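> I have a structure I would like to understand better, so I am pasting it below and will then ask my questions one at a time.
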Protein chains: 2
Amino acid sequence: MATETPERPAVRPRGVAPTLAQVAQHAGVSLKTASRALNGEAHVSPDKQTRVLDAARELGYQLNRTASMLARGVDSHVVGLITGDIANPFYSALAKGVEQELRAWDGQLTVASSDEEPDRERALVHELVTRHVRAVILVSTLDDHQAMRDVQSRGIPVVFVDRVGVGIEADSVVIDNRGGSRTAVEHLIAGGHTSIGFIGDLSRLPSDRERFEGYVETMRAAGLDPTRAVRRGAHSVQAAAEAAHSLLTQDQPPTAIFAGNNRITIGSLQAMNELSVEPALVGFDDFELGDLLGITVVAHSPVEMGRTAARLAIEATERRRTGATSVTLETTLLARGSGERRP
Amino acid sequence: MATETPERPAVRPRGVAPTLAQVAQHAGVSLKTASRALNGEAHVSPDKQTRVLDAARELGYQLNRTASMLARGVDSHVVGLITGDIANPFYSALAKGVEQELRAWDGQLTVASSDEEPDRERALVHELVTRHVRAVILVSTLDDHQAMRDVQSRGIPVVFVDRVGVGIEADSVVIDNRGGSRTAVEHLIAGGHTSIGFIGDLSRLPSDRERFEGYVETMRAAGLDPTRAVRRGAHSVQAAAEAAHSLLTQDQPPTAIFAGNNRITIGSLQAMNELSVEPALVGFDDFELGDLLGITVVAHSPVEMGRTAARLAIEATERRRTGATSVTLETTLLARGSGERRP
DNA sequence: TTGTACGCGTTATCAT
DNA sequence: ATGATAACGCGTACAA
């Protein structure tokens, strides 16, 4: 909507930051000459050059990039990253990757958390658009992104991470969720398990759905029942712990658990600890201490995801590429013990 | 320096984003009328009101906040946060706190990692200044901040987090490092330990120094030697693991370890695991899975630190307060087992 | 109610 | 080499 409640920041006294005009006056030259001198352009006499530089130093002049870019009609190098929660290690690793790649491009990163709330995500995207960020990297919680075409048509590329865009042609970087799931479940089956539980995140998230589907199809392929021990919608460590608890205390609890992401793995560990039971456990996403704890995981690199996404965003915004690119990152099973426990 | 290499982003074709003027023309009204209509101001005939709104919708008009703010002479609600590494859970929790508080203020967060490199930190601050961010929240790696006065004099408040500003009068939010250290070491001493090792981060970091000092003074107060088992400069999990390894394999290894931060605690755990030894262990900073692993820690809340810092930044930038405020957050010892092991 | 003229801080154009 | 002058996209002051 174009009629958003207008934001009216408090007015700050003008003149705290010295302007180019002040520098010019102080140096006794014209505005343009000062500009030239400071920008290191040619055609400035050494005399005035130093006068301007001195004046700038004295006044503590700093270029106002905002105005500069407005005048030049270029956009900033600011890229927006929207994730569910920046404190989630997966997302913060993602942010790190994005930042690393942005650095080489002299870019800057603005982050915001949607808390996985669709409305908030929409608001954040809108916010970034009005701020004219250069690109938006998005771990989306929406199930439809047609509205996001609007963003693209403004020349702001959108890169979807972890979850692809729906109803839109845009770059994306995702994990091979289905494949990773398959690997995990096959690993457990190979270990002799026939009763394997699944605990998933919010089922509206495509990544969760894909992982779940991988679970289901692998179970089915092995002639196992994929409906006996499933809990979904666990979107926090707490919720995951409760789900795991319920799973492990149900009639005929599974002998193995496949945890849909790092939060869930940790929640499951807590529940296992409370109940003092040790089913086999394989988690999606690696996590710190996972090696120490001997937790078998389907690993991938969120930092690499971030880097890739940032690269795509930069390429797109610099128009070095047309059309949408999709990158799927493979997973690796890291057998560390918890996934090798027998039924 | 005022003569920085000027950044010259690639020029983007103009006109991708519709302007207010285009909307006005499309609606057949003057620029100002369009502005009024879109901003919901009074004194616009319903007729033109809808004409403008329709035009805006058709053209997909979005306010250019940058230009708007330039015109109004106000600064954005963007706050910059500089930490060592956004992927470090301590820093990402900090970022989360900042973002939470900023949200209520309709603010936005730009993050950047200094990698604990002074030069990079300086460059990042400069970058934020030229972008006219509203405030800077800083986990500084510098040992002197006189140069930062410059930032303040531009009306950009600087809030120091985790490490206070030196040579500058500025807000700060820190942890009671010395007190936390004391608590930790006293706890170990009370447990019967007389040989307690310390593993610290880069010793140029004030937080590390304070923690180390707390260690030293508590040891001395108990008549123990605080020089027999000290390793400092461990700035990564890897480095900490090596330090712990070396500590635990030295002549007369300590029976207890006090780890200076969360990275070091984890590194120590790895080393203990490798060596299959179990000295008592108390770590500074809580960390995920710390409870599950039964690690005794000196805990505090990085999220709360972030929130507090953001509040201070907002207060300062809205000039609702003058003078510098210092907040010291207390720590809590969480006894979970590892710190209660006997010598 | 509506529009004009001007300004925000900077850069670009084009004379001089 | 230098400097008026006009942009950039928008908002304010003041007329009309």
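Going through the structure tokens in order, the chains are called A, B, and so on, while each chain numbers its residues from 1 and the ligands are numbered from 1 in the order shown.
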When you look at Leu124 (chain A) with a cut-off of 10 Å (counting only C-alpha atoms (C1' of nucleotides)), what residues show up, excluding the ones that are within fewer than 2 positions of it in the same chain? I need them as a list in words.
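Using only C-alpha atoms (C1' of nucleotides), the neighbours found are Gly80, Leu81, Ile82, Val111, Ala112, Ser113, Ser114, Pro118, Asp119, Arg120, Glu121, Arg122, His126, Glu127, Leu128, Val129 and Thr130 of chain A; Gln108 of chain B.
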> Mind checking which residues fall within 9 Å of DT2 (chain C), counting only C-alpha atoms (C1' of nucleotides), ignoring those fewer than 5 positions away in the same chain, and posting them as number ranges by chain?
B: 30, 32-33, 43-44; D: 16
> Quick one: everything within 10 Å of DA12 (chain C), counting only C-alpha atoms (C1' of nucleotides), minus sequence neighbours fewer than 4 positions away in the same chain. Send it as a list in words.
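Everything that qualifies: Lys32, Ala71 and Arg72 of chain A; DA6 and DA7 of chain D.
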> Taking only residues of chain A that have an atom at most 9 Å from an atom of chain C, what is each one's shortest atom pair and its distance in Å to one decimal, using only C-alpha atoms (C1' of nucleotides), in chain and number order, as a Markdown table?

| residue | atom | partner | partner_atom | distance |
| --- | --- | --- | --- | --- |
| A:Thr19 | CA | C:DG9 | C1' | 6.8 |
| A:Leu20 | CA | C:DG9 | C1' | 7.2 |
| A:Ala21 | CA | C:DG9 | C1' | 8.3 |
| A:Lys32 | CA | C:DT11 | C1' | 8.4 |
| A:Ser35 | CA | C:DT11 | C1' | 8.2 |
| A:Leu63 | CA | C:DT10 | C1' | 8.6 |
| A:Asn64 | CA | C:DG9 | C1' | 6.9 |
| A:Arg65 | CA | C:DT10 | C1' | 8.4 |
| A:Thr66 | CA | C:DG9 | C1' | 8.4 |
| A:Ala67 | CA | C:DG9 | C1' | 5.1 |
| A:Ser68 | CA | C:DT10 | C1' | 4.5 |
| A:Met69 | CA | C:DT10 | C1' | 7.7 |
| A:Leu70 | CA | C:DT10 | C1' | 7.6 |
| A:Ala71 | CA | C:DT11 | C1' | 5.4 |
| A:Arg72 | CA | C:DT11 | C1' | 6.0 |
> Write the residues you've just listed into a file as a short mmCIF file (atom, residue, chain, number, x, y, z; two decimals), in the first residue's frame, and include N, CA and C atoms for each of them.

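Generated file (part.cif):
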data_model
loop_
_atom_site.label_atom_id
_atom_site.label_comp_id
_atom_site.auth_asym_id
_atom_site.auth_seq_id
_atom_site.Cartn_x
_atom_site.Cartn_y
_atom_site.Cartn_z
N THR A 19 28.66 20.95 6.26
CA THR A 19 28.33 20.61 4.88
C THR A 19 29.44 21.05 3.93
N LEU A 20 29.29 20.57 2.75
CA LEU A 20 30.28 20.91 1.73
C LEU A 20 30.32 22.42 1.50
N ALA A 21 29.15 23.01 1.56
CA ALA A 21 29.07 24.46 1.35
C ALA A 21 29.90 25.19 2.41
N LYS A 32 31.62 23.69 -6.13
CA LYS A 32 32.07 22.64 -7.04
C LYS A 32 33.57 22.38 -6.90
N SER A 35 34.06 20.28 -3.96
CA SER A 35 33.65 18.92 -4.29
C SER A 35 34.75 18.20 -5.06
N LEU A 63 31.66 13.52 4.17
CA LEU A 63 30.70 13.43 3.07
C LEU A 63 29.37 12.88 3.55
N ASN A 64 28.30 13.44 3.09
CA ASN A 64 26.99 12.89 3.37
C ASN A 64 26.63 11.96 2.21
N ARG A 65 26.85 10.70 2.47
CA ARG A 65 26.66 9.71 1.41
C ARG A 65 25.23 9.70 0.89
N THR A 66 24.33 9.93 1.79
CA THR A 66 22.93 9.93 1.40
C THR A 66 22.67 10.95 0.30
N ALA A 67 23.10 12.15 0.59
CA ALA A 67 22.90 13.22 -0.39
C ALA A 67 23.69 12.94 -1.65
N SER A 68 24.88 12.45 -1.46
CA SER A 68 25.74 12.17 -2.61
C SER A 68 25.08 11.17 -3.55
N MET A 69 24.52 10.16 -2.95
CA MET A 69 23.93 9.13 -3.80
C MET A 69 22.63 9.61 -4.43
N LEU A 70 21.94 10.43 -3.69
CA LEU A 70 20.72 10.99 -4.27
C LEU A 70 21.08 11.80 -5.51
N ALA A 71 22.10 12.59 -5.36
CA ALA A 71 22.50 13.45 -6.48
C ALA A 71 22.99 12.63 -7.67
N ARG A 72 23.68 11.56 -7.36
CA ARG A 72 24.21 10.77 -8.46
C ARG A 72 23.21 9.77 -9.01
#
> Give me, as a tab-separated table, each residue of region 192-232 of chain B that comes within 10 Å of region 243-262 of chain B, together with its shortest interatomic pair and the distance in Å at one decimal, counting only C-alpha atoms, with rows ordered by chain and rising residue number.

residue	atom	partner	partner_atom	distance
B:Gly192	CA	B:Thr255	CA	9.7
B:His193	CA	B:Thr255	CA	6.6
B:Thr194	CA	B:Thr255	CA	7.8
B:Ser195	CA	B:Pro254	CA	4.8
B:Ile196	CA	B:Ala256	CA	4.7
B:Gly197	CA	B:Ile257	CA	4.6
B:Phe198	CA	B:Phe258	CA	4.9
B:Ile199	CA	B:Ala259	CA	5.2
B:Gly200	CA	B:Gly260	CA	4.8
B:Asp201	CA	B:Gly260	CA	6.6
B:Ser207	CA	B:Gly260	CA	9.1
B:Asp208	CA	B:Gly260	CA	6.8
B:Arg209	CA	B:Gly260	CA	9.7
B:Arg211	CA	B:Gly260	CA	6.8
B:Phe212	CA	B:Gly260	CA	7.8
B:Tyr215	CA	B:Phe258	CA	8.4
B:Arg228	CA	B:Pro254	CA	8.5
B:Ala229	CA	B:Leu247	CA	6.5
B:Val230	CA	B:Leu247	CA	7.6
B:Arg231	CA	B:Ala243	CA	6.1
B:Arg232	CA	B:Ala243	CA	7.9
> How large is the C-alpha RMSD when chain B is optimally fitted onto chain A, using all Cα positions paired one-to-one in sequence order?
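Overlaying the two chains on their C-alpha atoms yields 0.1 Å.
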> Once DSSP has gone over the backbone, tell me which residues of region 124-287 of chain B are in strand (DSSP E or B), as JSON, numbers by chain.
{"B": [135, 136, 137, 138, 158, 159, 160, 161, 171, 172, 173, 174, 175, 196, 197, 198, 199, 230, 231, 256, 257, 258, 259, 280, 281, 282, 283, 284]}
> Kindly export the residues of the current selection with N, CA, C and O atoms, as a tab-separated table (two decimals), in the first residue's frame.

chain	number	residue	atom	x	y	z
B	135	ALA	N	22.89	6.19	15.48
B	135	ALA	CA	23.71	5.89	16.65
B	135	ALA	C	24.60	4.70	16.34
B	135	ALA	O	24.33	3.93	15.42
B	136	VAL	N	25.66	4.58	17.10
B	136	VAL	CA	26.57	3.47	16.91
B	136	VAL	C	26.70	2.70	18.23
B	136	VAL	O	26.97	3.29	19.27
B	137	ILE	N	26.47	1.42	18.15
B	137	ILE	CA	26.66	0.56	19.31
B	137	ILE	C	27.87	-0.30	18.99
B	137	ILE	O	27.95	-0.91	17.94
B	138	LEU	N	28.77	-0.31	19.95
B	138	LEU	CA	30.10	-0.80	19.61
B	138	LEU	C	30.68	-1.75	20.65
B	138	LEU	O	30.77	-1.42	21.83
B	158	VAL	N	27.50	7.31	20.72
B	158	VAL	CA	28.22	6.04	20.69
B	158	VAL	C	27.97	5.31	22.01
B	158	VAL	O	28.14	5.90	23.07
B	159	VAL	N	27.54	4.10	21.92
B	159	VAL	CA	27.31	3.31	23.12
B	159	VAL	C	28.27	2.13	23.12
B	159	VAL	O	28.28	1.33	22.18
B	160	PHE	N	29.04	2.05	24.16
B	160	PHE	CA	30.01	0.96	24.26
B	160	PHE	C	29.38	-0.22	24.98
B	160	PHE	O	28.77	-0.06	26.03
B	161	VAL	N	29.55	-1.37	24.42
B	161	VAL	CA	28.99	-2.57	25.02
B	161	VAL	C	30.10	-3.57	25.32
B	161	VAL	O	31.01	-3.74	24.52
B	171	ASP	N	28.15	6.52	26.81
B	171	ASP	CA	27.36	5.49	27.47
B	171	ASP	C	28.06	4.14	27.36
B	171	ASP	O	28.78	3.89	26.39
B	172	SER	N	27.80	3.31	28.33
B	172	SER	CA	28.35	1.97	28.23
B	172	SER	C	27.50	0.97	29.00
B	172	SER	O	26.85	1.30	29.97
B	173	VAL	N	27.52	-0.22	28.51
B	173	VAL	CA	26.84	-1.33	29.17
B	173	VAL	C	27.85	-2.46	29.28
B	173	VAL	O	28.32	-2.96	28.26
B	174	VAL	N	28.18	-2.79	30.48
B	174	VAL	CA	29.19	-3.83	30.64
B	174	VAL	C	28.74	-4.85	31.67
B	174	VAL	O	27.77	-4.65	32.40
B	175	ILE	N	29.47	-5.91	31.69
B	175	ILE	CA	29.21	-6.96	32.67
B	175	ILE	C	30.14	-6.74	33.84
B	175	ILE	O	31.24	-6.21	33.68
B	196	ILE	N	44.11	-23.79	40.35
B	196	ILE	CA	43.06	-23.40	39.41
B	196	ILE	C	43.66	-22.68	38.22
B	196	ILE	O	44.36	-21.68	38.39
B	197	GLY	N	43.39	-23.17	37.05
B	197	GLY	CA	43.95	-22.55	35.85
B	197	GLY	C	43.01	-21.52	35.25
B	197	GLY	O	41.81	-21.53	35.51
B	198	PHE	N	43.58	-20.63	34.49
B	198	PHE	CA	42.78	-19.62	33.80
B	198	PHE	C	43.15	-19.61	32.32
B	198	PHE	O	44.32	-19.59	31.96
B	199	ILE	N	42.12	-19.60	31.49
B	199	ILE	CA	42.37	-19.45	30.06
B	199	ILE	C	41.61	-18.23	29.59
B	199	ILE	O	40.40	-18.12	29.80
B	230	VAL	N	48.21	-20.37	33.69
B	230	VAL	CA	47.49	-19.33	32.95
B	230	VAL	C	47.82	-19.40	31.46
B	230	VAL	O	48.97	-19.57	31.08
B	231	ARG	N	46.80	-19.32	30.66
B	231	ARG	CA	47.00	-19.22	29.21
B	231	ARG	C	46.14	-18.07	28.73
B	231	ARG	O	44.95	-18.00	29.04
B	256	ALA	N	41.37	-27.58	38.31
B	256	ALA	CA	40.17	-26.85	37.89
B	256	ALA	C	40.54	-25.81	36.86
B	256	ALA	O	41.65	-25.28	36.86
B	257	ILE	N	39.59	-25.53	35.99
B	257	ILE	CA	39.84	-24.51	34.96
B	257	ILE	C	38.74	-23.47	35.01
B	257	ILE	O	37.54	-23.80	35.13
B	258	PHE	N	39.15	-22.24	34.93
B	258	PHE	CA	38.20	-21.15	34.78
B	258	PHE	C	38.38	-20.62	33.37
B	258	PHE	O	39.43	-20.10	33.01
B	259	ALA	N	37.34	-20.77	32.56
B	259	ALA	CA	37.42	-20.38	31.14
B	259	ALA	C	36.83	-18.98	30.96
B	259	ALA	O	35.71	-18.71	31.39
B	280	ALA	N	37.64	-29.83	37.19
B	280	ALA	CA	36.47	-28.98	37.40
B	280	ALA	C	36.52	-27.87	36.38
B	280	ALA	O	37.60	-27.47	35.94
B	281	LEU	N	35.36	-27.39	35.97
B	281	LEU	CA	35.33	-26.34	34.95
B	281	LEU	C	34.22	-25.35	35.22
B	281	LEU	O	33.06	-25.72	35.44
B	282	VAL	N	34.61	-24.10	35.22
B	282	VAL	CA	33.61	-23.04	35.30
B	282	VAL	C	33.88	-22.10	34.14
B	282	VAL	O	35.02	-21.72	33.89
B	283	GLY	N	32.85	-21.74	33.42
B	283	GLY	CA	33.04	-20.86	32.28
B	283	GLY	C	32.36	-19.52	32.46
B	283	GLY	O	31.32	-19.43	33.12
B	284	PHE	N	32.92	-18.51	31.87
B	284	PHE	CA	32.26	-17.21	31.84
B	284	PHE	C	31.36	-17.23	30.61
B	284	PHE	O	31.76	-17.76	29.57
> What are the residues of chain D that have an atom within 8 Å of an atom of chain A, counting only C-alpha atoms (C1' of nucleotides), as a PyMOL selection string?
chain D and resi 1-3+7-9
> Name the closest residue to chain A among the candidates B:Glu186, B:Asp285, B:Asp106, B:Glu101; distances are taken between atoms, counting only C-alpha atoms.
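Of B:Glu186, B:Asp285, B:Asp106, B:Glu101, the one nearest chain A is B:Asp106, counting only C-alpha atoms.
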> Quote the spacing between CA of Thr141 (chain A) and CA of Ile314 (chain A) in Å to one decimal place.
22.9 Å
> For the helix (DSSP H, G or I) assignment from backbone DSSP, which residues of region 38-220 of chain B qualify? Please present them as number ranges by chain.
B: 38, 46-59, 65-72, 89-104, 118-130, 146-153, 177-190, 206-220
> Point out the residue among B:Pro279, B:Gly179, B:Gly290, B:Pro206 with the least atom-to-atom distance to chain A, counting only C-alpha atoms.
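Of B:Pro279, B:Gly179, B:Gly290, B:Pro206, the one nearest chain A, counting only C-alpha atoms, is B:Gly290.
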> For a quick check of understanding, using only C-alpha atoms, which of B:Leu38, B:Ala221, B:Val164, B:Val303 has the smallest distance to chain A?
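Distance minimum relative to chain A lands on B:Leu38.
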> Between B:Asp162, B:Asp75, B:Glu278, B:Glu315, which has the minimum distance to chain A (counting only C-alpha atoms)?
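When distances to chain A are compared using only C-alpha atoms, the smallest one comes from B:Asp75.
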> Just want the 8 Å neighbourhood of Arg341 (chain A), counted on only C-alpha atoms (C1' of nucleotides), with same-chain residues fewer than 2 positions away dropped. Output as number ranges by chain.
A: 191, 279-280, 337-339, 343
> CA of Arg134 (chain A) and CA of Arg36 (chain B) are how many Å apart?
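CA of Arg36 (chain B) lies 27.7 Å from CA of Arg134 (chain A).
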> Please list as a PDB file with N, CA and C atoms, in the first residue's frame every residue within 12 Å of Asp115 (chain A), counting only C-alpha atoms (C1' of nucleotides) and excluding residues in the same chain fewer than 5 positions away.

ATOM      1  N   ILE A  82      16.605 -10.673   5.821  1.00  0.00           N
ATOM      2  CA  ILE A  82      15.507 -10.952   6.730  1.00  0.00           C
ATOM      3  C   ILE A  82      15.508 -12.438   7.070  1.00  0.00           C
ATOM      4  N   THR A  83      15.621 -12.724   8.338  1.00  0.00           N
ATOM      5  CA  THR A  83      15.569 -14.116   8.781  1.00  0.00           C
ATOM      6  C   THR A  83      14.531 -14.230   9.887  1.00  0.00           C
ATOM      7  N   GLY A  84      14.405 -15.424  10.402  1.00  0.00           N
ATOM      8  CA  GLY A  84      13.418 -15.610  11.457  1.00  0.00           C
ATOM      9  C   GLY A  84      13.870 -15.022  12.776  1.00  0.00           C
ATOM     10  N   ASP A  85      15.123 -15.235  13.090  1.00  0.00           N
ATOM     11  CA  ASP A  85      15.639 -14.802  14.388  1.00  0.00           C
ATOM     12  C   ASP A  85      17.156 -14.778  14.324  1.00  0.00           C
ATOM     13  N   ILE A  86      17.699 -13.603  14.384  1.00  0.00           N
ATOM     14  CA  ILE A  86      19.145 -13.461  14.197  1.00  0.00           C
ATOM     15  C   ILE A  86      19.950 -14.211  15.255  1.00  0.00           C
ATOM     16  N   ALA A  87      19.325 -14.523  16.367  1.00  0.00           N
ATOM     17  CA  ALA A  87      20.078 -15.221  17.414  1.00  0.00           C
ATOM     18  C   ALA A  87      20.139 -16.729  17.175  1.00  0.00           C
ATOM     19  N   ASN A  88      19.340 -17.199  16.268  1.00  0.00           N
ATOM     20  CA  ASN A  88      19.418 -18.614  15.899  1.00  0.00           C
ATOM     21  C   ASN A  88      20.748 -18.835  15.179  1.00  0.00           C
ATOM     22  N   TYR A  91      20.838 -18.860  11.436  1.00  0.00           N
ATOM     23  CA  TYR A  91      20.671 -17.562  10.790  1.00  0.00           C
ATOM     24  C   TYR A  91      21.870 -16.641  10.998  1.00  0.00           C
ATOM     25  N   ARG A 120       4.872  -9.567   9.640  1.00  0.00           N
ATOM     26  CA  ARG A 120       6.081  -8.818   9.965  1.00  0.00           C
ATOM     27  C   ARG A 120       7.075  -8.876   8.809  1.00  0.00           C
ATOM     28  N   GLU A 121       7.153 -10.018   8.174  1.00  0.00           N
ATOM     29  CA  GLU A 121       8.047 -10.134   7.031  1.00  0.00           C
ATOM     30  C   GLU A 121       7.646  -9.145   5.942  1.00  0.00           C
ATOM     31  N   ARG A 122       6.381  -9.084   5.686  1.00  0.00           N
ATOM     32  CA  ARG A 122       5.905  -8.148   4.662  1.00  0.00           C
ATOM     33  C   ARG A 122       6.277  -6.720   5.025  1.00  0.00           C
ATOM     34  N   LEU A 124       8.669  -5.719   6.893  1.00  0.00           N
ATOM     35  CA  LEU A 124      10.107  -5.517   6.817  1.00  0.00           C
ATOM     36  C   LEU A 124      10.559  -5.330   5.377  1.00  0.00           C
ATOM     37  N   VAL A 139      14.910 -15.171   4.059  1.00  0.00           N
ATOM     38  CA  VAL A 139      14.476 -16.494   4.498  1.00  0.00           C
ATOM     39  C   VAL A 139      13.004 -16.299   4.788  1.00  0.00           C
ATOM     40  N   SER A 140      12.221 -16.648   3.809  1.00  0.00           N
ATOM     41  CA  SER A 140      10.819 -16.248   3.874  1.00  0.00           C
ATOM     42  C   SER A 140       9.946 -17.198   4.679  1.00  0.00           C
ATOM     43  N   THR A 141       8.952 -16.613   5.287  1.00  0.00           N
ATOM     44  CA  THR A 141       8.001 -17.397   6.052  1.00  0.00           C
ATOM     45  C   THR A 141       6.643 -17.365   5.366  1.00  0.00           C
ATOM     46  N   LEU A 142       6.648 -16.749   4.193  1.00  0.00           N
ATOM     47  CA  LEU A 142       5.406 -16.681   3.427  1.00  0.00           C
ATOM     48  C   LEU A 142       5.285 -17.910   2.523  1.00  0.00           C
ATOM     49  N   HIS A 235       8.564 -25.188  16.822  1.00  0.00           N
ATOM     50  CA  HIS A 235       9.363 -24.090  16.289  1.00  0.00           C
ATOM     51  C   HIS A 235      10.335 -23.472  17.284  1.00  0.00           C
ATOM     52  N   SER A 236      10.477 -24.062  18.435  1.00  0.00           N
ATOM     53  CA  SER A 236      11.466 -23.557  19.379  1.00  0.00           C
ATOM     54  C   SER A 236      12.079 -24.741  20.096  1.00  0.00           C
TER      55      SER A 236
ATOM     56  N   LYS B  96      20.283  -9.480  18.739  1.00  0.00           N
ATOM     57  CA  LYS B  96      18.872  -9.734  18.906  1.00  0.00           C
ATOM     58  C   LYS B  96      18.263  -8.740  19.891  1.00  0.00           C
ATOM     59  N   GLU B  99      17.984  -5.370  18.319  1.00  0.00           N
ATOM     60  CA  GLU B  99      16.907  -5.332  17.329  1.00  0.00           C
ATOM     61  C   GLU B  99      15.542  -5.278  18.000  1.00  0.00           C
ATOM     62  N   GLN B 100      15.382  -6.040  19.035  1.00  0.00           N
ATOM     63  CA  GLN B 100      14.103  -6.028  19.754  1.00  0.00           C
ATOM     64  C   GLN B 100      13.743  -4.622  20.211  1.00  0.00           C
TER      65      GLN B 100
END
> Check the smallest atom-to-atom distance from each of B:Thr322, B:Thr110, B:Ser203, B:Ser301 to chain A using only C-alpha atoms, then report the winner.
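Of all the options, B:Thr110 lies closest to chain A.
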